[in-house]
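Peer 1: Contents of protein_7.tsv (TSV, C-alpha atoms and all ligand atoms) are given next:
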chain	number	residue	atom	x	y	z
V	8	MET	CA	14.18	-15.21	24.15
V	9	LYS	CA	12.79	-11.76	25.01
V	10	LYS	CA	11.17	-9.97	22.09
V	11	GLU	CA	13.42	-6.89	22.27
V	12	LYS	CA	16.52	-9.11	22.17
V	13	LEU	CA	15.11	-11.06	19.21
V	14	ILE	CA	14.38	-7.85	17.29
V	15	ARG	CA	17.93	-6.63	17.93
V	16	LYS	CA	19.26	-9.98	16.69
V	17	TYR	CA	17.28	-9.68	13.45
V	18	ASP	CA	18.26	-6.01	13.05
V	19	LYS	CA	21.89	-7.12	13.12
V	20	GLN	CA	21.32	-9.91	10.56
V	21	VAL	CA	19.91	-7.58	7.91
V	22	LYS	CA	22.98	-7.71	5.62
V	23	MET	CA	22.82	-11.52	5.56
V	24	TYR	CA	19.14	-11.43	4.59
V	25	GLU	CA	19.80	-8.75	1.99
V	26	ASN	CA	22.38	-11.12	0.46
V	27	ASN	CA	19.74	-13.85	0.63
V	28	ARG	CA	17.98	-12.03	-2.20
V	29	LYS	CA	20.85	-13.15	-4.43
V	30	ASN	CA	21.02	-16.71	-3.03
V	31	GLN	CA	20.85	-18.81	-6.21
V	32	LYS	CA	20.21	-22.04	-4.28
V	33	LEU	CA	16.93	-20.65	-2.96
V	34	ALA	CA	16.03	-18.60	-6.04
V	35	GLY	CA	14.32	-21.46	-7.90
V	36	LEU	CA	12.21	-22.42	-4.87
V	37	ARG	CA	11.25	-18.84	-4.14
V	38	ASN	CA	10.27	-18.36	-7.77
V	39	LYS	CA	8.19	-21.55	-7.74
V	40	ILE	CA	6.07	-20.45	-4.77
V	41	ILE	CA	6.00	-16.66	-5.12
V	42	LYS	CA	4.90	-16.64	-8.76
V	43	LYS	CA	1.56	-18.06	-7.50
V	44	ALA	CA	0.85	-14.95	-5.42
V	45	TYR	CA	-1.82	-12.60	-6.69
V	46	GLY	CA	-3.99	-9.66	-5.68
V	47	LYS	CA	-3.78	-8.25	-2.17
V	48	VAL	CA	-0.83	-10.09	-0.65
V	49	LEU	CA	0.18	-10.10	3.02
V	50	GLU	CA	3.81	-11.13	3.41
V	51	VAL	CA	4.66	-11.87	7.04
V	52	GLY	CA	8.25	-11.76	8.30
V	53	VAL	CA	9.09	-9.96	5.06
V	54	GLY	CA	12.75	-9.60	6.08
V	55	ALA	CA	14.91	-7.71	3.60
V	56	GLY	CA	12.44	-8.38	0.77
V	57	ALA	CA	14.05	-11.56	-0.59
V	58	ASN	CA	10.82	-12.46	-2.41
V	59	PHE	CA	10.37	-9.18	-4.26
V	60	PRO	CA	12.28	-10.29	-7.39
V	61	TYR	CA	9.74	-13.12	-7.87
V	62	TYR	CA	6.37	-11.36	-7.54
V	63	ASP	CA	4.40	-10.74	-10.70
V	64	ARG	CA	4.52	-7.00	-10.22
V	65	ASN	CA	1.54	-6.36	-12.50
V	66	ASN	CA	-0.65	-8.62	-10.42
V	67	VAL	CA	0.13	-7.94	-6.75
V	68	GLU	CA	-0.14	-5.30	-4.05
V	69	VAL	CA	2.00	-6.41	-1.14
V	70	THR	CA	1.66	-5.51	2.53
V	71	GLY	CA	4.93	-6.54	4.18
V	72	VAL	CA	5.07	-7.05	7.95
V	73	ASP	CA	8.15	-7.37	10.13
V	74	PHE	CA	8.99	-6.30	13.67
V	75	SER	CA	12.56	-5.33	12.70
V	76	PHE	CA	13.05	-1.71	11.62
V	77	GLU	CA	16.24	-2.58	9.69
V	78	MET	CA	14.48	-5.37	7.77
V	79	ILE	CA	11.59	-3.10	6.83
V	80	LYS	CA	14.05	-0.44	5.63
V	81	ASN	CA	15.70	-2.97	3.30
V	82	ALA	CA	12.40	-4.47	2.17
V	83	LYS	CA	11.27	-0.97	1.11
V	84	ARG	CA	14.44	-0.67	-0.98
V	85	ALA	CA	13.82	-4.09	-2.56
V	86	ALA	CA	10.23	-3.17	-3.44
V	87	SER	CA	11.49	-0.05	-5.15
V	88	ILE	CA	14.30	-1.89	-7.05
V	89	PHE	CA	11.91	-4.58	-8.30
V	90	GLN	CA	9.02	-2.16	-8.82
V	91	VAL	CA	6.57	-4.06	-6.66
V	92	LYS	CA	3.67	-2.01	-5.31
V	93	ALA	CA	4.08	-2.41	-1.56
V	94	LYS	CA	3.44	-0.90	1.83
V	95	PHE	CA	4.94	-1.94	5.13
V	96	ILE	CA	3.92	-2.37	8.74
V	97	GLN	CA	6.53	-2.63	11.48
V	98	GLU	CA	4.78	-4.83	14.03
V	99	ASP	CA	4.94	-8.14	15.86
V	100	ILE	CA	2.86	-10.61	13.88
V	101	ASP	CA	1.22	-11.78	17.11
V	102	GLU	CA	0.05	-8.29	17.95
V	103	LEU	CA	-0.98	-7.27	14.47
V	104	ILE	CA	-4.63	-6.35	14.06
V	105	LEU	CA	-6.00	-6.80	10.54
V	106	GLU	CA	-9.51	-7.23	9.21
V	107	ASP	CA	-10.63	-10.81	8.66
V	108	ASN	CA	-10.89	-11.95	5.01
V	109	SER	CA	-8.90	-8.95	3.82
V	110	PHE	CA	-6.16	-10.63	1.71
V	111	ASP	CA	-6.22	-12.80	-1.42
V	112	CYS	CA	-2.91	-14.35	-0.53
V	113	ILE	CA	-0.72	-14.78	2.56
V	114	VAL	CA	3.00	-15.44	2.06
V	115	SER	CA	5.53	-16.63	4.62
V	116	THR	CA	9.06	-17.72	3.72
V	117	LEU	CA	11.54	-19.01	6.29
V	118	SER	CA	9.54	-17.31	9.04
V	119	LEU	CA	7.45	-19.97	10.79
V	120	CYS	CA	10.66	-21.05	12.53
V	121	SER	CA	10.67	-17.74	14.43
V	122	TYR	CA	7.18	-17.48	15.89
V	123	PRO	CA	6.65	-18.63	19.49
V	124	GLU	CA	3.24	-20.24	18.72
V	125	PRO	CA	3.36	-21.21	15.03
V	126	ILE	CA	-0.02	-22.99	15.02
V	127	LEU	CA	-1.75	-19.88	16.40
V	128	THR	CA	0.10	-17.75	13.84
V	129	LEU	CA	-1.13	-20.00	11.00
V	130	ASN	CA	-4.64	-19.66	12.40
V	131	ARG	CA	-4.28	-15.89	12.17
V	132	PHE	CA	-3.31	-16.34	8.47
V	133	ASN	CA	-6.47	-18.42	8.15
V	134	SER	CA	-8.60	-15.53	9.45
V	135	TRP	CA	-6.92	-12.84	7.35
V	136	CYS	CA	-7.16	-14.81	4.10
V	137	ARG	CA	-10.33	-14.61	2.01
V	138	GLU	CA	-12.31	-17.82	1.65
V	139	ASP	CA	-11.22	-18.23	-1.98
V	140	GLY	CA	-7.64	-17.08	-1.31
V	141	ILE	CA	-4.35	-19.00	-0.99
V	142	ILE	CA	-1.63	-19.34	1.62
V	143	LEU	CA	1.88	-19.89	0.30
V	144	LEU	CA	4.70	-21.07	2.55
V	145	MET	CA	8.35	-21.86	2.01
V	146	GLU	CA	9.62	-23.00	5.39
V	147	HIS	CA	12.55	-24.90	6.82
V	148	GLY	CA	12.05	-27.64	9.37
V	149	LEU	CA	12.74	-31.16	10.44
V	150	SER	CA	14.28	-33.43	7.81
V	151	SER	CA	12.91	-36.92	7.11
V	152	ASN	CA	16.51	-38.17	7.19
V	153	PRO	CA	16.98	-39.75	10.67
V	154	ILE	CA	20.60	-38.63	11.05
V	155	LEU	CA	19.82	-35.08	10.03
V	156	SER	CA	16.71	-34.85	12.18
V	157	VAL	CA	18.51	-36.11	15.28
V	158	THR	CA	21.23	-33.53	14.63
V	159	GLN	CA	18.62	-30.79	14.13
V	160	LYS	CA	17.00	-31.68	17.47
V	161	MET	CA	20.37	-31.77	19.20
V	162	ILE	CA	21.64	-28.42	17.93
V	163	ASP	CA	18.34	-26.53	18.21
V	164	PRO	CA	19.08	-24.73	21.53
V	165	LEU	CA	22.39	-23.41	20.18
V	166	TYR	CA	20.88	-22.69	16.75
V	167	THR	CA	18.13	-20.62	18.38
V	168	LYS	CA	20.60	-18.73	20.52
V	169	ILE	CA	22.65	-17.78	17.46
V	170	SER	CA	20.01	-17.19	14.81
V	171	GLY	CA	16.81	-16.46	16.77
V	172	CYS	CA	14.85	-19.24	15.09
V	173	HIS	CA	14.31	-23.00	15.44
V	174	CYS	CA	15.67	-25.67	13.09
V	175	ASN	CA	13.72	-28.62	14.52
V	176	ARG	CA	10.10	-27.76	13.78
V	177	ASN	CA	7.93	-30.42	12.19
V	178	ILE	CA	6.23	-28.19	9.64
V	179	ASN	CA	3.82	-30.93	8.50
V	180	LYS	CA	2.55	-31.45	12.04
V	181	ILE	CA	2.25	-27.73	12.71
V	182	ILE	CA	0.15	-27.24	9.57
V	183	GLU	CA	-1.95	-30.34	10.32
V	184	LYS	CA	-2.84	-28.92	13.72
V	185	SER	CA	-3.77	-25.53	12.28
V	186	ASN	CA	-7.01	-24.55	10.52
V	187	LEU	CA	-5.35	-24.50	7.10
V	188	GLN	CA	-6.34	-26.97	4.42
V	189	VAL	CA	-3.25	-28.17	2.53
V	190	ASP	CA	-3.48	-28.52	-1.26
V	191	GLN	CA	0.16	-29.33	-1.97
V	192	ILE	CA	3.39	-29.96	-0.08
V	193	GLU	CA	6.72	-30.43	-1.81
V	194	ARG	CA	9.97	-31.05	0.05
V	195	TYR	CA	13.56	-30.30	-0.94
V	196	TRP	CA	17.12	-30.52	0.43
V	197	SER	CA	16.75	-33.81	2.33
V	198	ASP	CA	13.19	-32.68	3.07
V	199	ILE	CA	14.38	-29.73	5.17
V	200	ILE	CA	12.65	-27.19	2.92
V	201	TYR	CA	8.85	-27.37	2.67
V	202	LEU	CA	6.94	-25.64	-0.14
V	203	VAL	CA	3.29	-25.50	0.79
V	204	GLN	CA	0.17	-24.30	-0.96
V	205	ALA	CA	-2.84	-24.18	1.33
V	206	ARG	CA	-6.22	-22.50	1.65
V	207	PRO	CA	-8.21	-21.28	4.59
V	208	THR	CA	-11.14	-23.09	6.15
V	209	LYS	CA	-14.00	-20.82	7.17
V	301	LIG	C1	14.41	-15.93	8.99
V	301	LIG	S1	13.92	-14.33	8.52
V	301	LIG	C2	13.15	-14.62	6.93
V	301	LIG	C3	13.07	-13.36	6.10
V	301	LIG	C4	12.41	-13.51	4.73
V	301	LIG	N1	11.04	-13.94	4.81
V	301	LIG	C5	13.20	-14.43	3.82
V	301	LIG	O1	12.61	-15.35	3.22
V	301	LIG	O2	14.43	-14.23	3.66
V	301	LIG	C6	12.53	-14.12	9.59
V	301	LIG	C7	11.96	-12.70	9.57
V	301	LIG	O3	10.79	-12.68	10.38
V	301	LIG	C8	10.84	-11.54	11.24
V	301	LIG	N2	10.10	-11.91	12.45
V	301	LIG	C9	10.40	-12.90	13.31
V	301	LIG	N3	9.48	-12.97	14.30
V	301	LIG	C10	8.58	-11.99	14.04
V	301	LIG	C11	7.39	-11.55	14.68
V	301	LIG	N4	6.95	-12.14	15.78
V	301	LIG	N5	6.69	-10.53	14.13
V	301	LIG	C12	7.15	-9.91	12.99
V	301	LIG	N6	8.26	-10.28	12.34
V	301	LIG	C13	8.97	-11.31	12.86
V	301	LIG	C14	12.32	-11.26	11.47
V	301	LIG	O4	12.58	-9.94	11.82
V	301	LIG	C15	12.92	-11.65	10.12
V	301	LIG	O5	12.96	-10.55	9.24
Represent the structure contained in this file as structure tokens.
Ligand SMILES: C[S@@+](CC[C@H](N)C(=O)[O-])C[C@H]1O[C@@H](n2cnc3c(N)ncnc32)[C@H](O)[C@@H]1O
Peer 2:
Amino acid sequence: MKKEKLIRKYDKQVKMYENNRKNQKLAGLRNKIIKKAYGKVLEVGVGAGANFPYYDRNNVEVTGVDFSFEMIKNAKRAASIFQVKAKFIQEDIDELILEDNSFDCIVSTLSLCSYPEPILTLNRFNSWCREDGIILLMEHGLSSNPILSVTQKMIDPLYTKISGCHCNRNINKIIEKSNLQVDQIERYWSDIIYLVQARPTK
């Protein structure tokens, strides 16, 4: 899908992602991963700021990146509501230029499904994260349940057309092929949701 079309699609979905902030099903998982964030945090695909309620606001300075203007607008509002110190960059993650080793923590939630080259994107996280930093992911991907995974593979073209992202990505394999070193992976909801704590290799 062309980038401009994808951005328009996400611009239009902003209300749904704003409501996601109140999604109780995901709240516990977001809290579990986001409470580990500290220091200078880069949150990629920040969306409407669904993670802002869960940051330890006394311990983080967030830089939120998203290529959708509408998402950034809502994320700014969320940062203000939850009193998280944050600044924002409206940019495509694949075109973003940041200094190497400039963040203590990189956060991505439900975003890896959107990037055209997710392994390369993870490798960019690897470069931006300090050697002693952490990378925190909450992603959705292929289930370990055979019936669900076959269904996910079957519906992916339609799913992508509607939502802009993929539902059939094998997150374990993507991370394995990247430069990240995994410390912990937990899986939920028939293994569709992956909570990952990783660190960079330098
Ligand atoms: C599925 S939403 C997830 C939003 C949020 N992280 C959450 O947990 O609710 C994916 C977000 O990534 C953004 N996004 C997708 N591809 C992107 C890219 N290449 N560069 C920057 N942002 C991107 C979209 O605009 C959208 O806000």
Peer 1: Kindly give the distance, in Å, that separates atom CA of Gly56 of chain V and atom CA of Asn26 of chain V, rounded to a single decimal.
Peer 2: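 One can read the atom CA of Gly56 of chain V to atom CA of Asn26 of chain V distance as 10.3 Å.
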Peer 1: Grab all the atoms of ligand LIG 301 (chain V) that the file lists, wrap them in a box along x, y and z, add 3 Å per side, and give me centre plus edge lengths in Å (one decimal) as JSON.
Peer 2:
{"center_x": 10.6, "center_y": -12.9, "center_z": 9.5, "size_x": 13.7, "size_y": 12.0, "size_z": 18.6}
Peer 1: What's the separation between atom CA of Ser185 of chain V and atom CA of Arg15 of chain V, in Å to one decimal place?
Peer 2: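 So the two atoms, atom CA of Ser185 of chain V and atom CA of Arg15 of chain V, lie 29.3 Å apart.
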Peer 1: Measuring between only C-alpha atoms, which one of V:Val67, V:Leu117, V:Leu129, V:Ile14 shows the shortest distance to Asp99 of chain V?
Peer 2: V:Ile14
Peer 1: Around ligand LIG 301 (chain V), at most 6 Å away and counting all atoms listed in the file, which residues are there? Put them as a list in words, please.
Peer 2: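 Those residues are Tyr17, Tyr24, Gly52, Val53, Gly54, Ala57, Asp73, Phe74, Ser75, Met78, Glu98, Asp99, Ile100, Asp101, Thr116, Leu117, Ser118, Ser121 and Tyr122 of chain V.
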Peer 1: Hey, can you spit out that residue selection with C-alpha atoms as an mmCIF file, keeping the file's coordinate frame?
Peer 2:
data_model
loop_
_atom_site.group_PDB
_atom_site.id
_atom_site.type_symbol
_atom_site.label_atom_id
_atom_site.label_comp_id
_atom_site.auth_asym_id
_atom_site.auth_seq_id
_atom_site.Cartn_x
_atom_site.Cartn_y
_atom_site.Cartn_z
ATOM 1 C CA TYR V 17 17.280 -9.680 13.450
ATOM 2 C CA TYR V 24 19.140 -11.430 4.590
ATOM 3 C CA GLY V 52 8.250 -11.760 8.300
ATOM 4 C CA VAL V 53 9.090 -9.960 5.060
ATOM 5 C CA GLY V 54 12.750 -9.600 6.080
ATOM 6 C CA ALA V 57 14.050 -11.560 -0.590
ATOM 7 C CA ASP V 73 8.150 -7.370 10.130
ATOM 8 C CA PHE V 74 8.990 -6.300 13.670
ATOM 9 C CA SER V 75 12.560 -5.330 12.700
ATOM 10 C CA MET V 78 14.480 -5.370 7.770
ATOM 11 C CA GLU V 98 4.780 -4.830 14.030
ATOM 12 C CA ASP V 99 4.940 -8.140 15.860
ATOM 13 C CA ILE V 100 2.860 -10.610 13.880
ATOM 14 C CA ASP V 101 1.220 -11.780 17.110
ATOM 15 C CA THR V 116 9.060 -17.720 3.720
ATOM 16 C CA LEU V 117 11.540 -19.010 6.290
ATOM 17 C CA SER V 118 9.540 -17.310 9.040
ATOM 18 C CA SER V 121 10.670 -17.740 14.430
ATOM 19 C CA TYR V 122 7.180 -17.480 15.890
#
Peer 1: Rank V:Val91, V:Ile96, V:Val157, V:Ile41 by their smallest atom-to-atom distance to Thr70 of chain V, using only C-alpha atoms, and report the top residue only.
Peer 2: V:Ile96
Peer 1: For segment 147-150 of chain V, list every protein, DNA or RNA residue within 8 Å, evaluated using all atoms listed in the file, and leave out those in the same chain fewer than 2 positions away; present the list as a tab-separated table (two decimals) with C-alpha atoms, in the frame of the given file.
Peer 2:
chain	number	residue	atom	x	y	z
V	117	LEU	CA	11.54	-19.01	6.29
V	120	CYS	CA	10.66	-21.05	12.53
V	145	MET	CA	8.35	-21.86	2.01
V	152	ASN	CA	16.51	-38.17	7.19
V	153	PRO	CA	16.98	-39.75	10.67
V	155	LEU	CA	19.82	-35.08	10.03
V	156	SER	CA	16.71	-34.85	12.18
V	159	GLN	CA	18.62	-30.79	14.13
V	173	HIS	CA	14.31	-23.00	15.44
V	174	CYS	CA	15.67	-25.67	13.09
V	175	ASN	CA	13.72	-28.62	14.52
V	176	ARG	CA	10.10	-27.76	13.78
V	177	ASN	CA	7.93	-30.42	12.19
V	178	ILE	CA	6.23	-28.19	9.64
V	197	SER	CA	16.75	-33.81	2.33
V	198	ASP	CA	13.19	-32.68	3.07
V	199	ILE	CA	14.38	-29.73	5.17
V	200	ILE	CA	12.65	-27.19	2.92
V	201	TYR	CA	8.85	-27.37	2.67
Peer 1: State, in Å with one decimal place, the distance from atom CA of Arg37 of chain V to atom CA of Val203 of chain V.
Peer 2: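 Distance between the two atoms: 11.5 Å.
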Peer 1: Let me make sure I understand: among V:Lys184, V:Arg137, V:Lys94, V:Lys22, which one has the smallest atom-to-atom distance to Glu124 of chain V if we use only C-alpha atoms?
Peer 2: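 Checking each of V:Lys184, V:Arg137, V:Lys94, V:Lys22 against Glu124 of chain V, counting only C-alpha atoms, the winner is V:Lys184.
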Peer 1: Calculated over all atoms listed in the file, which of the candidates V:Thr167, V:Ser134, V:Thr158, V:Gln90 has the smallest distance to Asn186 of chain V?
Peer 2: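 For Asn186 of chain V, the nearest of the given residues is V:Ser134.
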Peer 1: Might you pull out every residue within 9 Å of Asp63 of chain V, with only C-alpha atoms counted and same-chain residues fewer than 3 positions away left off, and present them as number ranges by chain?
Peer 2: V: 41-45, 59-60, 66-67, 91
Peer 1: Please output segment 45-56 of chain V, rebuilt to include N, CA and C atoms, as a PDB file, in the frame of the given file.
Peer 2:
ATOM      1  N   TYR V  45      -1.043 -13.538  -5.878  1.00  0.00           N
ATOM      2  CA  TYR V  45      -1.820 -12.600  -6.690  1.00  0.00           C
ATOM      3  C   TYR V  45      -2.656 -11.684  -5.783  1.00  0.00           C
ATOM      4  N   GLY V  46      -3.063 -10.560  -6.351  1.00  0.00           N
ATOM      5  CA  GLY V  46      -3.990  -9.660  -5.680  1.00  0.00           C
ATOM      6  C   GLY V  46      -3.396  -9.000  -4.447  1.00  0.00           C
ATOM      7  N   LYS V  47      -4.248  -8.863  -3.434  1.00  0.00           N
ATOM      8  CA  LYS V  47      -3.780  -8.250  -2.170  1.00  0.00           C
ATOM      9  C   LYS V  47      -3.009  -9.301  -1.392  1.00  0.00           C
ATOM     10  N   VAL V  48      -1.711  -9.091  -1.273  1.00  0.00           N
ATOM     11  CA  VAL V  48      -0.830 -10.090  -0.650  1.00  0.00           C
ATOM     12  C   VAL V  48      -0.340  -9.565   0.707  1.00  0.00           C
ATOM     13  N   LEU V  49      -0.438 -10.408   1.731  1.00  0.00           N
ATOM     14  CA  LEU V  49       0.180 -10.100   3.020  1.00  0.00           C
ATOM     15  C   LEU V  49       1.423 -10.965   3.136  1.00  0.00           C
ATOM     16  N   GLU V  50       2.597 -10.335   3.183  1.00  0.00           N
ATOM     17  CA  GLU V  50       3.810 -11.130   3.410  1.00  0.00           C
ATOM     18  C   GLU V  50       4.299 -10.908   4.827  1.00  0.00           C
ATOM     19  N   VAL V  51       4.268 -11.972   5.632  1.00  0.00           N
ATOM     20  CA  VAL V  51       4.660 -11.870   7.040  1.00  0.00           C
ATOM     21  C   VAL V  51       6.145 -12.217   7.190  1.00  0.00           C
ATOM     22  N   GLY V  52       6.806 -11.552   8.117  1.00  0.00           N
ATOM     23  CA  GLY V  52       8.250 -11.760   8.300  1.00  0.00           C
ATOM     24  C   GLY V  52       8.950 -11.460   6.986  1.00  0.00           C
ATOM     25  N   VAL V  53       8.650 -10.289   6.435  1.00  0.00           N
ATOM     26  CA  VAL V  53       9.090  -9.960   5.060  1.00  0.00           C
ATOM     27  C   VAL V  53      10.619  -9.872   4.947  1.00  0.00           C
ATOM     28  N   GLY V  54      11.289  -9.664   6.097  1.00  0.00           N
ATOM     29  CA  GLY V  54      12.750  -9.600   6.080  1.00  0.00           C
ATOM     30  C   GLY V  54      13.237  -8.480   5.173  1.00  0.00           C
ATOM     31  N   ALA V  55      14.330  -8.740   4.468  1.00  0.00           N
ATOM     32  CA  ALA V  55      14.910  -7.710   3.600  1.00  0.00           C
ATOM     33  C   ALA V  55      14.316  -7.763   2.185  1.00  0.00           C
ATOM     34  N   GLY V  56      13.145  -8.380   2.054  1.00  0.00           N
ATOM     35  CA  GLY V  56      12.440  -8.380   0.770  1.00  0.00           C
ATOM     36  C   GLY V  56      12.996  -9.392  -0.226  1.00  0.00           C
TER      37      GLY V  56
END
